[in-house]
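This report concerns only the one structure given below.
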Amino acid sequence: MKKFLFVALAIFTLLIITACSATTENSNKTANKQAASSESAASESPKILRGPNITLVAEKGTQKLSNGVTVPVWTFNGSAPGPEIHVQKGQKVRVTLKNELSAPVSIHWHGYPVPNKMDGIPGVTQNAVAPGKSFTYEFVADKTGTYWYHSHQDSVNQVDRGLYGAFIVEDPKEKYDKDYTLMLDEWVTDKNQINSQIKAMTPAGQSNKNNGDSGMGSMPGMDMGDSDQGSSNSGGSSGMNMDNMDNSSSDSGNSNGMNMPGNMMADNMSMYDLYTINGKSGSLVKPLTVNKGDNVRLRFINAGYLPHNIHIHGHNIKVIATDGQPINNPQAVKNQVISIAPGERYDVAFTADNPGKWYIEDHGTAKGTNGMKALIDYEGSKATTDQPNASTQLPAINFADYGSKTKPEFTLNQKYDVTYTMNLNAGMNNNGMIYTINGKTFPNTDPIKVKTGDRVKVKLVNRDHMNNHPMHLHGHFFQVLSKNGKPVSGSPIYKDTLNVKPGETYEVAFLSDNPGNWLFHCHDLHHANAGMITEVQYTDFHSSYVPSSSSNNKPE
């Protein structure tokens, strides 16, 4: 009897162990399938969503950036970049943001002159959208061109992790056989740095931010020293390429920290070691398929923090727009790079008249450069004679005299209602590096005060001898008047983001025709996060918005 009971007990125990093992195995298989499915979904190219009614869901995911490199991402609708939004000119756009992340978010419409309350700046135009909450952005798409959207809440980190996408306003009169958008970005692949950043972005890490843990804005890779800033060899050849650099004298100092006239320390951005096009690098970048004879449009958007020098092989190209604004009568060029700074956009047109497979690539020597390549792939053509030449130095298109003259909105020496000089520099305080405007850091910078209808001229002077400062104005387009005192010739150039390289001086002008309170800041968001922000404030504008102290608003 005892022997029988022992055998029965042994059999019963064995059955339980087998069942548990099977359950565990099935559970693991299910989890693995779900993880693989999630990764596969997030690894797809961004989808095209056509307006005017759009829903964007902010959610966590993973993304395969290149073979062997998969990283955690924060996404809109499951991919980084998020959906490519297309709307028609004249449509009333409604975009509903649903936040399924553990941290608050927002959406800023980069370059688009939306009404002030739709600009998406936490603490300035709205409260950040809390986890589990929604917010609907509404505006009329009355300006055509290439723009983009991104979170402006803790943007130095949230944009870095993938919360951005393209926003295209189509003109029905413009017809192209192929129309491709290429969003450029850089990624950190070091797991420890990624984990540190995500911890600082989430509620559990918020309490540590006051102790210096603020994500990518203060990571070890952001220490100062010799570095290759982005793709160019010097770090200073990107943005609007204009000759005759003027090495101006330094400003009066930095009232927020150590007086550093003419900063001599360059940002070390080497932690960004993988470069992507539309969230993919190297062989995972989707080819751009064309047919011989096609009229092709390429829309380049720099969503990263480094400049990129883009070379389109094998074709005569025309740069037809910058920051969404048309260039008058652009001439065809070949084997020149387009220098694209953070926040900038450039639209290129060409005729597909050279069958084969041709590279579009970033030129430079930084580690991640080789991954930023795409192929123009002609249908039915097997020719593969083209070779990459990323390390070759090519001249950059000089937009100071590109295109043809036509009547501009402003002239250099006309009368202006408001003038403002913006001295850009860097320094140090007890918390580390700071980036200043007229020696001050935000929110202590002096705003540009205007009233509706004012004609405003701003002089941008980069007294920081080592770093680029791509300056971005919200809610308006400005005309570039001069570089180092020399008037811009060729087509008038209208932009919302302008890269001011070390020692350079620009004068720009805009009409105050969009009442509100608007940021004017560096779009290397590390610099903005460390102080390089001011505001354009309309004195005849009165906002009903009152910031909430419980919303954890953090615009940069």
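Going through the structure tokens in order, the chains are called A, B, and so on, while each chain numbers its residues from 1 and the ligands are numbered from 1 in the order shown.
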
Would you kindly return, as JSON, numbers by chain, each protein, DNA or RNA residue with an atom no farther than 7 Å from any atom of Ile360 of chain A, considering only C-alpha atoms and excluding same-chain residues fewer than 2 positions away? {"A": [310, 311, 312, 313, 358, 373, 374, 375]}

Could you pull out all residues of segment 338-481 of chain A with a DSSP call of helix (DSSP H, G or I) and give them as a list in words?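 Put together, the selection reads Lys367, Gly368, Thr369, Asn370 and Gly371 of chain A.
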
Please provide the set of residues having any atom within 9 Å of segment 82-96 of chain A, restricted to only C-alpha atoms, with same-chain residues fewer than 2 positions apart removed, written as a VMD selection string. chain A and resid 45 to 57 75 to 80 98 134 to 144 148 162 to 172 181

Exercise: segment 504-511 of chain A partners within 10 Å, only C-alpha atoms, chain neighbours under 3 positions left out, as number ranges by chain: A: 242-248, 409-412, 416-423, 450-465, 468, 476-488, 493-496, 498-501, 514

Spatial neighbours of Ala332 of chain A, 9 Å, only C-alpha atoms, chain gap at least 2 places, as a list in words: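 Result of the neighbour search: Asn316, Ile317, Lys318, Val319, Pro330, Lys334 and Phe350 of chain A.
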
Å distance separating atom CA of Pro447 of chain A from atom CA of Ser548 of chain A, one decimal place: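 Here the two named atoms are 22.2 Å from each other.
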
Kindly give the distance, in Å, that separates atom CA of His108 of chain A and atom CA of Ile448 of chain A, rounded to a single decimal.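 Value for the atom CA of His108 of chain A-atom CA of Ile448 of chain A distance: 20.8 Å.
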
Atom CA of Val71 of chain A sits from atom CA of Ala58 of chain A at a separation of 16.7 Å

So which one's closest to Pro470 of chain A, A:Pro395, A:Pro492, A:Pro307, A:Pro355? Using only C-alpha atoms, please. A:Pro307

Pick from A:Thr497, A:Asn517, A:Thr322, A:Asn195, whichever lies nearest to Gly343 of chain A using only C-alpha atoms: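 Checking each candidate against Gly343 of chain A, we get A:Thr497 as the closest.
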